[in-house]
file model-v2.txt (compact mmCIF, C-alpha atoms and all ligand atoms)
# COMPACT_ATOMS: atom_id res chain seq x y z
CA MET H 26 -49.93 -115.66 -66.85
CA THR H 27 -50.18 -116.60 -63.15
CA MET H 28 -49.31 -113.81 -60.72
CA PRO H 29 -48.68 -115.09 -57.21
CA ARG H 30 -48.50 -112.36 -54.59
CA LEU H 31 -46.07 -112.55 -51.72
CA SER H 32 -46.81 -110.67 -48.55
CA GLY H 33 -43.39 -109.05 -48.25
CA GLU H 34 -39.91 -108.78 -49.66
CA THR H 35 -38.67 -111.74 -47.62
CA ASP H 36 -41.79 -113.90 -47.63
CA LEU H 37 -40.13 -117.31 -47.92
CA ALA H 38 -43.08 -119.18 -46.42
CA GLY H 39 -45.39 -117.52 -48.97
CA PHE H 40 -42.99 -118.35 -51.79
CA ARG H 41 -42.88 -122.00 -50.74
CA GLN H 42 -46.63 -122.23 -50.51
CA GLU H 43 -47.16 -120.61 -53.92
CA ALA H 44 -44.38 -122.69 -55.49
CA ARG H 45 -45.99 -125.83 -54.10
CA GLN H 46 -49.31 -124.93 -55.74
CA LEU H 47 -47.65 -123.99 -59.01
CA LEU H 48 -45.65 -127.21 -59.14
CA ALA H 49 -48.73 -129.26 -58.27
CA HIS H 50 -50.55 -127.60 -61.18
CA GLN H 51 -47.58 -128.02 -63.50
CA VAL H 52 -47.29 -124.27 -64.17
CA PRO H 53 -43.98 -123.67 -65.98
CA PRO H 54 -41.81 -120.77 -64.79
CA GLU H 55 -42.27 -118.73 -67.95
CA GLU H 56 -46.00 -118.48 -67.14
CA VAL H 57 -45.44 -117.07 -63.67
CA GLN H 58 -44.92 -113.47 -62.68
CA TRP H 59 -44.06 -112.95 -59.02
CA GLU H 60 -45.22 -109.90 -57.14
CA THR H 61 -44.38 -108.71 -53.68
CA VAL H 62 -46.54 -106.44 -51.59
CA HIS H 63 -44.39 -103.85 -49.86
CA THR H 64 -45.45 -105.04 -46.44
CA LEU H 65 -44.51 -101.97 -44.55
CA SER H 66 -45.63 -99.41 -47.08
CA ASP H 67 -48.16 -96.79 -46.03
CA ASP H 68 -51.31 -98.59 -47.08
CA LEU H 69 -50.68 -101.86 -45.30
CA LEU H 70 -48.70 -101.45 -42.15
CA ALA H 71 -47.83 -97.97 -41.14
CA GLN H 72 -47.38 -99.19 -37.57
CA PRO H 73 -44.55 -101.28 -36.17
CA VAL H 74 -45.36 -104.97 -35.90
CA ASP H 75 -44.18 -107.58 -33.42
CA VAL H 76 -42.10 -110.33 -34.86
CA GLN H 77 -43.92 -113.60 -34.40
CA ALA H 78 -42.27 -116.94 -34.00
CA GLY H 79 -42.89 -117.93 -37.62
CA GLU H 80 -45.23 -120.70 -38.55
CA LYS H 81 -43.45 -123.66 -39.97
CA ALA H 82 -42.90 -122.95 -43.63
CA HIS H 83 -45.20 -124.78 -45.96
CA GLU H 84 -43.81 -128.00 -47.27
CA LEU H 85 -43.13 -128.71 -50.90
CA PRO H 86 -45.20 -131.48 -52.52
CA ARG H 87 -43.80 -134.79 -51.39
CA ALA H 88 -42.49 -135.76 -54.82
CA ALA H 89 -40.70 -132.44 -55.21
CA ALA H 90 -39.34 -132.49 -51.67
CA ALA H 91 -37.73 -135.85 -52.39
CA ILE H 92 -35.99 -134.42 -55.44
CA VAL H 93 -35.02 -130.99 -54.16
CA PRO H 94 -31.83 -131.17 -52.10
CA ALA H 95 -31.85 -129.63 -48.63
CA SER H 96 -28.94 -127.43 -49.74
CA PHE H 97 -31.27 -125.79 -52.29
CA LEU H 98 -33.84 -125.00 -49.61
CA ARG H 99 -31.09 -123.38 -47.54
CA LEU H 100 -29.98 -121.46 -50.60
CA CYS H 101 -33.56 -120.16 -51.01
CA GLU H 102 -33.49 -118.83 -47.43
CA VAL H 103 -30.62 -116.56 -48.32
CA VAL H 104 -31.49 -115.68 -51.92
CA VAL H 105 -34.93 -114.32 -50.94
CA LEU H 106 -33.08 -111.61 -49.02
CA HIS H 107 -31.42 -110.34 -52.22
CA HIS H 108 -32.64 -107.02 -53.60
CA ASP H 109 -33.05 -108.31 -57.17
CA ALA H 110 -36.73 -108.20 -58.09
CA GLN H 111 -36.25 -111.34 -60.21
CA ARG H 112 -35.09 -113.51 -57.29
CA PHE H 113 -38.40 -115.34 -56.83
CA ALA H 114 -38.60 -116.02 -60.59
CA LEU H 115 -35.07 -117.43 -60.51
CA LEU H 116 -35.79 -119.63 -57.50
CA TYR H 117 -39.01 -120.97 -58.99
CA ARG H 118 -37.23 -121.67 -62.29
CA LEU H 119 -34.54 -123.59 -60.39
CA LEU H 120 -37.15 -125.47 -58.40
CA TRP H 121 -39.00 -126.40 -61.58
CA ARG H 122 -35.78 -127.49 -63.23
CA LEU H 123 -34.68 -129.53 -60.20
CA VAL H 124 -37.95 -131.41 -60.42
CA HIS H 125 -37.81 -131.85 -64.22
CA GLU H 126 -34.05 -132.05 -64.83
CA PRO H 127 -32.51 -134.17 -62.07
CA ALA H 128 -29.04 -133.72 -63.67
CA LEU H 129 -29.13 -130.13 -62.44
CA ARG H 130 -28.34 -131.38 -58.94
CA THR H 131 -24.84 -132.33 -59.99
CA ASP H 132 -24.11 -129.51 -62.41
CA PRO H 133 -22.17 -126.85 -60.50
CA LEU H 134 -21.66 -124.79 -63.67
CA ASP H 135 -25.33 -124.29 -64.49
CA ALA H 136 -25.89 -120.57 -65.14
CA ASP H 137 -29.08 -120.29 -63.02
CA MET H 138 -27.48 -122.16 -60.14
CA GLN H 139 -24.38 -120.00 -60.33
CA GLN H 140 -26.46 -116.86 -60.35
CA ALA H 141 -28.33 -118.00 -57.24
CA GLN H 142 -25.04 -118.87 -55.50
CA GLN H 143 -23.62 -115.45 -56.35
CA MET H 144 -26.73 -113.74 -55.03
CA ALA H 145 -26.50 -115.75 -51.81
CA GLN H 146 -22.88 -114.80 -51.46
CA SER H 147 -23.62 -111.13 -51.91
CA VAL H 148 -26.33 -111.34 -49.22
CA ARG H 149 -24.06 -113.20 -46.81
CA ARG H 150 -21.28 -110.71 -47.37
CA GLU H 151 -23.57 -107.85 -46.53
CA MET H 152 -24.84 -109.68 -43.45
CA HIS H 153 -21.27 -110.05 -42.24
CA LYS H 154 -20.61 -106.41 -43.00
CA MET H 155 -23.64 -105.31 -41.04
CA LYS H 156 -22.69 -107.51 -38.07
CA ALA H 157 -19.15 -106.15 -38.14
CA LEU H 158 -19.74 -102.49 -38.95
CA LEU H 159 -23.00 -101.50 -37.30
CA ARG H 160 -22.31 -98.94 -34.58
CA PHE H 161 -24.85 -97.94 -31.94
CA HIS H 162 -25.12 -94.33 -30.84
CA PRO H 163 -26.18 -94.03 -27.17
CA VAL H 164 -28.93 -91.46 -26.57
CA PRO H 165 -30.46 -90.53 -23.20
CA ASP H 166 -34.06 -91.62 -23.46
CA ASP H 167 -36.37 -88.95 -22.05
CA SER H 168 -39.35 -91.30 -22.09
CA HIS H 169 -37.42 -93.62 -19.72
CA PRO H 170 -35.53 -91.27 -17.40
CA GLY H 171 -32.07 -92.51 -16.53
CA GLU H 172 -32.07 -95.01 -19.38
CA VAL H 173 -30.10 -95.06 -22.59
CA LEU H 174 -31.39 -96.02 -26.00
CA HIS H 175 -28.83 -97.31 -28.49
CA LEU H 176 -29.60 -96.25 -32.03
CA ALA H 177 -27.91 -97.26 -35.26
CA TRP H 178 -28.32 -96.28 -38.88
CA PHE H 179 -27.50 -98.64 -41.74
CA GLU H 180 -28.24 -98.67 -45.46
CA PRO H 181 -28.15 -102.26 -46.67
CA THR H 182 -28.55 -103.13 -50.32
CA HIS H 183 -30.41 -106.34 -49.53
CA HIS H 184 -33.42 -107.15 -47.34
CA ILE H 185 -31.33 -108.31 -44.40
CA VAL H 186 -32.66 -106.34 -41.43
CA GLU H 187 -35.41 -108.77 -40.57
CA ALA H 188 -33.05 -111.74 -40.83
CA LEU H 189 -30.35 -110.13 -38.70
CA ALA H 190 -32.47 -108.46 -36.02
CA PRO H 191 -32.67 -111.68 -33.91
CA TRP H 192 -28.89 -111.95 -34.10
CA PHE H 193 -28.51 -108.44 -32.67
CA ALA H 194 -31.09 -109.25 -29.99
CA ARG H 195 -29.04 -112.25 -28.92
CA ARG H 196 -25.84 -110.26 -29.12
CA TYR H 197 -27.11 -107.28 -27.09
CA PRO H 198 -29.91 -108.74 -24.98
CA ALA H 199 -29.46 -106.29 -22.11
CA LEU H 200 -29.59 -103.09 -24.18
CA ARG H 201 -32.56 -101.24 -25.54
CA TRP H 202 -31.67 -100.62 -29.17
CA ALA H 203 -33.10 -99.80 -32.57
CA ILE H 204 -31.65 -100.19 -36.04
CA LEU H 205 -32.97 -97.72 -38.60
CA THR H 206 -32.64 -98.39 -42.32
CA PRO H 207 -34.44 -96.94 -45.33
CA GLN H 208 -36.25 -100.23 -45.99
CA ARG H 209 -37.14 -101.55 -42.57
CA SER H 210 -36.30 -100.84 -39.00
CA ALA H 211 -36.05 -103.05 -35.96
CA ARG H 212 -36.08 -102.41 -32.24
CA TRP H 213 -35.43 -104.48 -29.15
CA ASP H 214 -36.71 -103.48 -25.71
CA ARG H 215 -34.89 -106.27 -23.83
CA GLU H 216 -37.90 -108.52 -24.14
CA ARG H 217 -39.46 -108.12 -27.50
CA LEU H 218 -38.33 -107.60 -31.05
CA GLN H 219 -40.39 -105.34 -33.27
CA LEU H 220 -40.08 -104.51 -36.94
CA GLY H 221 -41.09 -101.11 -38.20
CA PRO H 222 -41.23 -99.29 -41.52
CA GLY H 223 -38.14 -97.85 -43.15
CA ALA H 224 -36.65 -94.59 -41.97
CA ARG H 225 -36.48 -91.57 -44.25
CA ARG H 226 -33.06 -91.10 -45.81
CA GLU H 227 -33.16 -87.40 -45.02
CA ASP H 228 -33.49 -88.32 -41.33
CA ASP H 229 -30.07 -90.05 -41.34
CA PRO H 230 -28.44 -88.37 -38.33
CA GLY H 231 -24.91 -89.21 -39.56
CA PRO H 232 -22.23 -90.62 -37.28
CA ARG H 233 -21.83 -87.32 -35.42
CA GLY H 234 -25.51 -86.43 -35.40
CA SER H 235 -26.85 -84.80 -32.24
CA ASP H 236 -28.93 -86.84 -29.79
CA GLU H 237 -31.99 -84.85 -30.92
CA ARG H 238 -31.46 -85.86 -34.54
CA TRP H 239 -31.11 -89.51 -33.57
CA LEU H 240 -34.25 -89.42 -31.44
CA LYS H 241 -36.18 -87.63 -34.16
CA ALA H 242 -35.25 -90.30 -36.71
CA TYR H 243 -36.21 -93.02 -34.23
CA ARG H 244 -39.55 -91.48 -33.30
CA ARG H 245 -40.53 -90.97 -36.93
CA VAL H 246 -40.35 -94.75 -37.27
CA PHE H 247 -41.50 -96.06 -33.94
CA GLY H 248 -43.71 -93.25 -32.73
CA PRO H 249 -43.39 -91.15 -29.57
CA GLU H 250 -44.21 -93.88 -27.05
CA ALA H 251 -41.18 -96.08 -26.80
CA ASN H 252 -42.07 -99.14 -24.79
CA PRO H 253 -45.56 -100.66 -25.11
CA ALA H 254 -45.98 -103.53 -22.65
CA ALA H 255 -46.35 -106.85 -24.39
CA PRO H 256 -45.43 -110.49 -24.03
CA VAL H 257 -42.00 -111.73 -24.93
CA GLU H 258 -41.53 -112.50 -28.60
CA THR H 259 -39.00 -114.97 -29.78
CA ALA H 260 -37.64 -116.13 -33.09
CA ALA H 261 -37.96 -114.15 -36.28
CA ALA H 262 -38.07 -115.13 -39.90
CA GLY H 263 -34.76 -115.90 -41.55
CA GLN H 264 -33.00 -116.71 -38.30
CA GLU H 265 -31.40 -119.76 -39.84
CA ALA H 266 -29.68 -117.63 -42.48
CA GLY H 267 -27.01 -116.72 -39.91
CA ILE H 268 -24.41 -118.94 -38.22
CA ASP H 269 -24.04 -118.37 -34.49
CA SER H 270 -21.49 -120.91 -33.28
CA LEU H 271 -18.54 -122.93 -34.50
CA GLU H 272 -20.65 -126.07 -34.01
CA GLN H 273 -23.35 -124.71 -36.32
CA LEU H 274 -20.68 -123.74 -38.79
CA LYS H 275 -19.24 -127.26 -38.72
CA ALA H 276 -22.67 -128.80 -39.34
CA ALA H 277 -23.23 -126.40 -42.24
CA THR H 278 -19.85 -126.97 -43.90
CA MET H 279 -20.26 -130.74 -43.55
CA ARG H 280 -23.40 -130.46 -45.68
CA CYS H 281 -22.01 -127.84 -48.04
CA ARG H 282 -22.09 -128.72 -51.74
CA GLU H 283 -21.85 -125.20 -53.10
CA CYS H 284 -18.86 -126.35 -55.12
CA PRO H 285 -17.93 -129.88 -56.20
CA ILE H 286 -15.05 -130.44 -53.72
CA GLY H 287 -17.21 -131.43 -50.77
CA GLU H 288 -18.66 -134.42 -52.58
CA HIS H 289 -15.31 -136.26 -52.60
CA ALA H 290 -13.73 -135.20 -49.32
CA THR H 291 -14.05 -137.31 -46.17
CA GLN H 292 -15.38 -134.40 -44.13
CA SER H 293 -15.15 -130.63 -43.85
CA VAL H 294 -12.21 -129.34 -41.84
CA ASN H 295 -12.95 -126.06 -40.13
CA GLY H 296 -10.69 -123.81 -38.14
CA GLU H 297 -9.78 -124.62 -34.55
CA GLY H 298 -8.44 -122.66 -31.64
CA ARG H 299 -9.50 -119.87 -29.31
CA LEU H 300 -12.35 -117.48 -29.70
CA LYS H 301 -11.09 -113.87 -29.57
CA ALA H 302 -7.64 -115.23 -30.45
CA PRO H 303 -4.98 -112.56 -30.93
CA LEU H 304 -4.13 -114.14 -34.29
CA MET H 305 -6.14 -116.14 -36.77
CA LEU H 306 -3.89 -117.91 -39.27
CA VAL H 307 -5.49 -118.88 -42.56
CA GLY H 308 -4.06 -121.47 -44.96
CA GLU H 309 -5.33 -122.75 -48.28
CA GLN H 310 -7.28 -125.96 -47.76
CA PRO H 311 -6.97 -129.11 -45.64
CA GLY H 312 -4.51 -131.71 -46.93
CA ASN H 313 -4.73 -135.48 -46.93
CA GLN H 314 -4.03 -135.89 -43.20
CA GLU H 315 -6.35 -133.05 -42.24
CA ASP H 316 -9.13 -134.56 -44.34
CA LEU H 317 -8.76 -137.94 -42.63
CA GLN H 318 -8.38 -136.59 -39.09
CA GLY H 319 -10.81 -133.69 -39.37
CA HIS H 320 -8.42 -131.06 -37.93
CA PRO H 321 -6.53 -128.25 -39.68
CA PHE H 322 -2.75 -128.24 -40.08
CA VAL H 323 -2.01 -131.64 -38.54
CA GLY H 324 0.14 -132.95 -41.44
CA PRO H 325 3.69 -131.99 -42.48
CA ALA H 326 2.80 -128.32 -43.17
CA GLY H 327 1.11 -128.17 -39.76
CA ARG H 328 4.19 -129.50 -37.99
CA LEU H 329 6.29 -126.84 -39.67
CA LEU H 330 3.80 -124.18 -38.68
CA ASP H 331 3.89 -125.42 -35.07
CA ARG H 332 7.70 -125.15 -35.05
CA ALA H 333 7.53 -121.59 -36.35
CA LEU H 334 4.92 -120.60 -33.77
CA GLU H 335 7.06 -122.14 -31.04
CA ALA H 336 10.04 -120.16 -32.32
CA ILE H 337 8.18 -116.87 -31.80
CA GLY H 338 6.83 -117.94 -28.44
CA ILE H 339 3.16 -118.17 -29.41
CA PRO H 340 1.78 -121.60 -28.59
CA ARG H 341 -0.63 -122.99 -31.13
CA ASP H 342 -3.41 -123.24 -28.56
CA ILE H 343 -3.72 -119.49 -28.10
CA VAL H 344 -4.25 -118.76 -31.80
CA PHE H 345 -6.96 -119.85 -34.21
CA VAL H 346 -5.88 -121.82 -37.28
CA SER H 347 -8.08 -122.23 -40.32
CA ASN H 348 -8.20 -122.46 -44.10
CA ALA H 349 -9.76 -120.50 -46.95
CA VAL H 350 -11.41 -123.69 -48.26
CA LYS H 351 -13.02 -126.19 -45.93
CA HIS H 352 -12.79 -129.41 -47.98
CA PHE H 353 -9.77 -131.28 -49.37
CA LYS H 354 -9.44 -131.11 -53.16
CA PHE H 355 -7.36 -133.89 -54.66
CA GLU H 356 -6.68 -135.97 -57.71
CA LEU H 357 -6.47 -139.76 -57.47
CA ARG H 358 -3.24 -141.25 -58.75
CA GLY H 359 -3.53 -144.95 -58.18
CA LYS H 360 -4.38 -145.14 -54.51
CA ARG H 361 -2.77 -141.82 -53.67
CA ARG H 362 -4.75 -138.64 -53.22
CA ILE H 363 -2.65 -135.81 -54.62
CA HIS H 364 -3.38 -132.26 -53.44
CA LYS H 365 -4.96 -130.06 -56.11
CA SER H 366 -5.24 -126.32 -55.59
CA PRO H 367 -8.80 -125.03 -55.37
CA ASN H 368 -9.78 -122.74 -58.22
CA GLN H 369 -11.08 -119.22 -57.76
CA ARG H 370 -14.70 -120.23 -58.01
CA GLU H 371 -14.25 -122.82 -55.28
CA VAL H 372 -12.45 -120.36 -53.03
CA ALA H 373 -15.20 -117.81 -53.66
CA ALA H 374 -17.91 -120.37 -52.86
CA CYS H 375 -16.23 -121.09 -49.51
CA LEU H 376 -15.59 -117.48 -48.61
CA HIS H 377 -18.77 -116.96 -46.63
CA TRP H 378 -17.81 -119.85 -44.32
CA LEU H 379 -14.45 -118.24 -43.69
CA GLU H 380 -16.12 -114.90 -43.03
CA ASP H 381 -18.53 -116.62 -40.62
CA GLU H 382 -15.54 -118.03 -38.80
CA ILE H 383 -13.87 -114.63 -38.60
CA ALA H 384 -17.09 -113.09 -37.27
CA LEU H 385 -17.35 -115.81 -34.60
CA VAL H 386 -13.69 -115.86 -33.58
CA ARG H 387 -13.22 -112.07 -33.69
CA PRO H 388 -9.43 -112.24 -33.85
CA THR H 389 -7.30 -109.17 -33.26
CA ALA H 390 -5.48 -109.74 -36.55
CA LEU H 391 -5.22 -112.20 -39.41
CA VAL H 392 -2.24 -113.96 -40.98
CA ALA H 393 -2.59 -115.06 -44.61
CA LEU H 394 -0.48 -118.14 -45.23
CA GLY H 395 0.03 -117.99 -48.98
CA ALA H 396 -1.68 -116.47 -51.99
CA THR H 397 -5.01 -118.31 -51.77
CA ALA H 398 -5.60 -117.17 -48.21
CA ALA H 399 -4.46 -113.62 -49.01
CA ARG H 400 -6.84 -113.37 -51.94
CA ALA H 401 -9.74 -114.75 -49.95
CA LEU H 402 -9.12 -112.46 -46.97
CA LEU H 403 -8.47 -109.28 -48.96
CA GLY H 404 -10.82 -109.83 -51.88
CA ARG H 405 -8.04 -109.18 -54.42
CA ALA H 406 -5.02 -110.98 -55.78
CA ILE H 407 -1.65 -109.96 -54.37
CA SER H 408 1.90 -111.14 -54.95
CA VAL H 409 3.05 -112.92 -51.82
CA THR H 410 6.71 -112.57 -52.75
CA VAL H 411 6.28 -108.78 -53.00
CA GLU H 412 3.99 -108.28 -50.00
CA ARG H 413 5.30 -110.86 -47.53
CA GLY H 414 6.02 -109.47 -44.09
CA LYS H 415 3.65 -106.51 -44.69
CA TRP H 416 0.37 -105.68 -43.00
CA LEU H 417 -2.49 -105.00 -45.38
CA GLU H 418 -5.98 -103.93 -44.36
CA ARG H 419 -9.38 -105.39 -45.18
CA ALA H 420 -12.47 -103.35 -45.90
CA ASP H 421 -13.70 -104.10 -42.34
CA GLY H 422 -10.46 -102.67 -40.88
CA LEU H 423 -8.96 -106.04 -39.83
CA LYS H 424 -5.23 -106.17 -40.47
CA VAL H 425 -3.78 -109.07 -42.47
CA LEU H 426 -0.11 -110.03 -42.30
CA ILE H 427 1.04 -111.65 -45.53
CA THR H 428 3.47 -114.56 -45.52
CA LEU H 429 4.24 -117.79 -47.33
CA HIS H 430 2.34 -120.99 -46.96
CA PRO H 431 4.40 -123.47 -44.91
CA SER H 432 4.08 -126.02 -47.76
CA ALA H 433 6.15 -123.66 -49.91
CA LEU H 434 9.00 -124.13 -47.42
CA LEU H 435 8.63 -127.90 -47.64
CA ARG H 436 9.14 -127.65 -51.39
CA LEU H 437 12.41 -125.70 -51.11
CA LEU H 438 15.70 -127.45 -51.89
CA PRO H 439 17.17 -128.85 -48.68
CA ALA H 440 20.03 -126.33 -48.84
CA ASP H 441 17.55 -123.42 -48.81
CA ARG H 442 15.21 -124.71 -46.12
CA GLU H 443 16.93 -123.29 -43.06
CA GLU H 444 17.05 -119.83 -44.62
CA GLY H 445 13.42 -120.10 -45.76
CA PHE H 446 12.29 -121.15 -42.30
CA LYS H 447 14.09 -118.21 -40.68
CA ALA H 448 12.40 -115.77 -43.06
CA PHE H 449 9.01 -117.34 -42.30
CA VAL H 450 9.64 -117.00 -38.56
CA ALA H 451 10.70 -113.39 -39.10
CA ASP H 452 7.35 -112.69 -40.83
CA LEU H 453 5.42 -114.28 -37.98
CA ARG H 454 7.45 -112.31 -35.46
CA LYS H 455 5.99 -109.15 -37.02
CA ALA H 456 2.56 -110.49 -36.24
CA LYS H 457 3.53 -111.02 -32.64
CA ALA H 458 5.19 -107.60 -32.39
CA ALA H 459 2.05 -105.85 -33.62
CA LEU H 460 -0.19 -107.39 -30.99
N1 LIG T 501 -2.29 -126.89 -45.86
C1 LIG T 501 -3.24 -125.98 -45.58
O1 LIG T 501 -3.35 -124.93 -46.22
N2 LIG T 501 -4.06 -126.24 -44.57
C2 LIG T 501 -4.01 -127.33 -43.84
O2 LIG T 501 -4.84 -127.47 -42.95
C3 LIG T 501 -2.99 -128.25 -44.14
C4 LIG T 501 -2.15 -128.01 -45.16
call {"tool": "encode", "arguments": {"input": "model-v2.txt", "output": "structure tokens", "more": "lines below"}}
Ligand code: URA
result
Amino acid sequence: MTMPRLSGETDLAGFRQEARQLLAHQVPPEEVQWETVHTLSDDLLAQPVDVQAGEKAHELPRAAAAIVPASFLRLCEVVVLHHDAQRFALLYRLLWRLVHEPALRTDPLDADMQQAQQMAQSVRREMHKMKALLRFHPVPDDSHPGEVLHLAWFEPTHHIVEALAPWFARRYPALRWAILTPQRSARWDRERLQLGPGARREDDPGPRGSDERWLKAYRRVFGPEANPAAPVETAAAGQEAGIDSLEQLKAATMRCRECPIGEHATQSVNGEGRLKAPLMLVGEQPGNQEDLQGHPFVGPAGRLLDRALEAIGIPRDIVFVSNAVKHFKFELRGKRRIHKSPNQREVAACLHWLEDEIALVRPTALVALGATAARALLGRAISVTVERGKWLERADGLKVLITLHPSALLRLLPADREEGFKAFVADLRKAKAAL
């Protein structure tokens, strides 16, 4: 049995280097047992450490690199953050199989691949949750008179603190802050990012904890002196696991092959509109026209949506319009591409892109156009005919107005269309009224 040792829970560079050696020596996955050193445990690093701009991760052997798709390497970046102790074994098994079973590349139903995708999804979900829900508690900092320290407590399931700390540093560059979690902690002093050991659960000050309790929890991790002078540190490991702009999101969805739809579509079609829009409207998936033009809701359903938005006095350019699924799924009939609804697995695979979009746009409220969007946004199936016109709430507190998909109106008998359109407009009016 070979027992490679990784230097920490999220040691992707170490994993790549070890995997490279193992592959070069033809060591099959069943003869490998992965171990991680708890980097910040007492014996190794009781002190906080600066985050270094990471060395470039070790390359795979050339032959393997040619076989392993880039999408798998990106998947690894996220899966290593999962809490499952078997994640490195799973990734090495997949790597081995990608090298020895090329058909795996095109088998979206493979059990190992599905497990890795699900793990990545769980990590991404938690990353979104942490970005959306983390709240800083301002505490007067007696070691820097007149200054405020912003402290936050979070208990993630996965190893996401290190990967997300740079995101918080970019988001709040002008604040001095620290995030305390039972696994790892991070602090930013406006210049430098540091990682520290985990905080003790019994030190959790709670949302209404006194300033003293917050400071005590902070000092137990980072020590009494709060601001050692040091050069500026930059990027941290795992930075690429997050998406920070709509442009990055577009590049990522263009490459996405987490489900089979992307392979056949012309391009990914992401949402468009304003950041911080009052409303973000979410449909099902791009249609034929959208797929060809690369913009959402530009075909017949889009024209109907535009008319309805006009009717309530909200021009399309002040909202954000998107879809639950970013690629067009269709069936070829002769030369015609006929819309095919995405299945649940495909919607689930795309969900993290939609959540990235929501995190970037930060709309005041959401509108689910149809059942697929409602299910994706709420995480559960609902009956649109029963719930239409109602506001439901997501776990992150964002409100979702439920209504029909405009395509459903296009399918009505001509005699019923006017009535159907009025009811759709009435639903959307509720969205406007609530803003
Ligand atoms: N239907 C959708 O759900 N989205 C589009 O972008 C177009 C049609």
call {"tool": "closest_residue", "arguments": {"input": "model-v2.txt", "among": "H:Leu306, H:Leu98, H:Ala38, H:Ala277", "to": "ligand LIG 501 (chain T)", "atoms": "only C-alpha atoms and all ligand atoms"}}
result
H:Leu306
call {"tool": "residues_around", "arguments": {"input": "model-v2.txt", "residues": "Val57 (chain H)", "least_positions_apart": "5", "cutoff": "9 Å", "atoms": "all atoms listed in the file", "output": "PDB file with C-alpha atoms, in the coordinates of the input"}}
result
ATOM      1  CA  MET H  26     -49.930-115.660 -66.850  1.00  0.00           C
ATOM      2  CA  THR H  27     -50.180-116.600 -63.150  1.00  0.00           C
ATOM      3  CA  MET H  28     -49.310-113.810 -60.720  1.00  0.00           C
ATOM      4  CA  PRO H  29     -48.680-115.090 -57.210  1.00  0.00           C
ATOM      5  CA  LEU H  47     -47.650-123.990 -59.010  1.00  0.00           C
ATOM      6  CA  VAL H  52     -47.290-124.270 -64.170  1.00  0.00           C
ATOM      7  CA  ALA H 114     -38.600-116.020 -60.590  1.00  0.00           C
ATOM      8  CA  TYR H 117     -39.010-120.970 -58.990  1.00  0.00           C
TER       9      TYR H 117
END
call {"tool": "closest_residue", "arguments": {"input": "model-v2.txt", "among": "H:Arg413, H:Lys301, H:His184, H:Arg387", "to": "Asp452 (chain H)", "atoms": "all atoms listed in the file"}}
result
H:Arg413
call {"tool": "closest_residue", "arguments": {"input": "model-v2.txt", "among": "H:Glu172, H:Glu418, H:Asp331, H:Asp269", "to": "Phe193 (chain H)", "atoms": "only C-alpha atoms"}}
result
H:Asp269
call {"tool": "closest_atom_pairs", "arguments": {"input": "model-v2.txt", "of": "chain H", "to": "ligand LIG 501 (chain T)", "cutoff": "7 Å", "atoms": "only C-alpha atoms and all ligand atoms", "output": "JSON lines"}}
result
{"residue": "H:Gly308", "atom": "CA", "partner": "T:LIG501", "partner_atom": "O1", "distance": 3.8}
{"residue": "H:Glu309", "atom": "CA", "partner": "T:LIG501", "partner_atom": "O1", "distance": 3.6}
{"residue": "H:Gln310", "atom": "CA", "partner": "T:LIG501", "partner_atom": "O1", "distance": 4.3}
{"residue": "H:Pro311", "atom": "CA", "partner": "T:LIG501", "partner_atom": "O2", "distance": 3.8}
{"residue": "H:Gly312", "atom": "CA", "partner": "T:LIG501", "partner_atom": "C3", "distance": 4.7}
{"residue": "H:Glu315", "atom": "CA", "partner": "T:LIG501", "partner_atom": "O2", "distance": 5.8}
{"residue": "H:Pro321", "atom": "CA", "partner": "T:LIG501", "partner_atom": "O2", "distance": 3.8}
{"residue": "H:Phe322", "atom": "CA", "partner": "T:LIG501", "partner_atom": "O2", "distance": 3.6}
{"residue": "H:Val323", "atom": "CA", "partner": "T:LIG501", "partner_atom": "C3", "distance": 6.6}
{"residue": "H:Gly324", "atom": "CA", "partner": "T:LIG501", "partner_atom": "C3", "distance": 6.3}
{"residue": "H:Ala326", "atom": "CA", "partner": "T:LIG501", "partner_atom": "C4", "distance": 5.3}
{"residue": "H:Gly327", "atom": "CA", "partner": "T:LIG501", "partner_atom": "C3", "distance": 6.0}
{"residue": "H:Ser347", "atom": "CA", "partner": "T:LIG501", "partner_atom": "O2", "distance": 6.7}
{"residue": "H:Asn348", "atom": "CA", "partner": "T:LIG501", "partner_atom": "N2", "distance": 5.6}
{"residue": "H:His430", "atom": "CA", "partner": "T:LIG501", "partner_atom": "O1", "distance": 7.0}
{"residue": "H:Ser432", "atom": "CA", "partner": "T:LIG501", "partner_atom": "N1", "distance": 6.7}
call {"tool": "atom_distance", "arguments": {"input": "model-v2.txt", "atom1": "CA of His175 (chain H)", "atom2": "CA of Trp202 (chain H)"}}
result
4.4 Å
call {"tool": "residues_near_point", "arguments": {"input": "model-v2.txt", "point": "(2.9, -117.5, -30.4)", "cutoff": "12 Å", "atoms": "all atoms listed in the file", "output": "ChimeraX atom specification"}}
result
/H:302-306,330-346,450,453-458,460
call {"tool": "atom_distance", "arguments": {"input": "model-v2.txt", "atom1": "CA of Arg196 (chain H)", "atom2": "CA of His162 (chain H)"}}
result
16.0 Å
call {"tool": "atom_distance", "arguments": {"input": "model-v2.txt", "atom1": "CA of Ala390 (chain H)", "atom2": "CA of Ile407 (chain H)"}}
result
18.2 Å
call {"tool": "residues_around", "arguments": {"input": "model-v2.txt", "residues": "Val294 (chain H)", "least_positions_apart": "5", "cutoff": "6 Å", "atoms": "all atoms listed in the file", "output": "PDB file with C-alpha atoms, in the frame of the given file"}}
result
ATOM      1  CA  GLY H 319     -10.810-133.690 -39.370  1.00  0.00           C
ATOM      2  CA  HIS H 320      -8.420-131.060 -37.930  1.00  0.00           C
ATOM      3  CA  LYS H 351     -13.020-126.190 -45.930  1.00  0.00           C
TER       4      LYS H 351
END
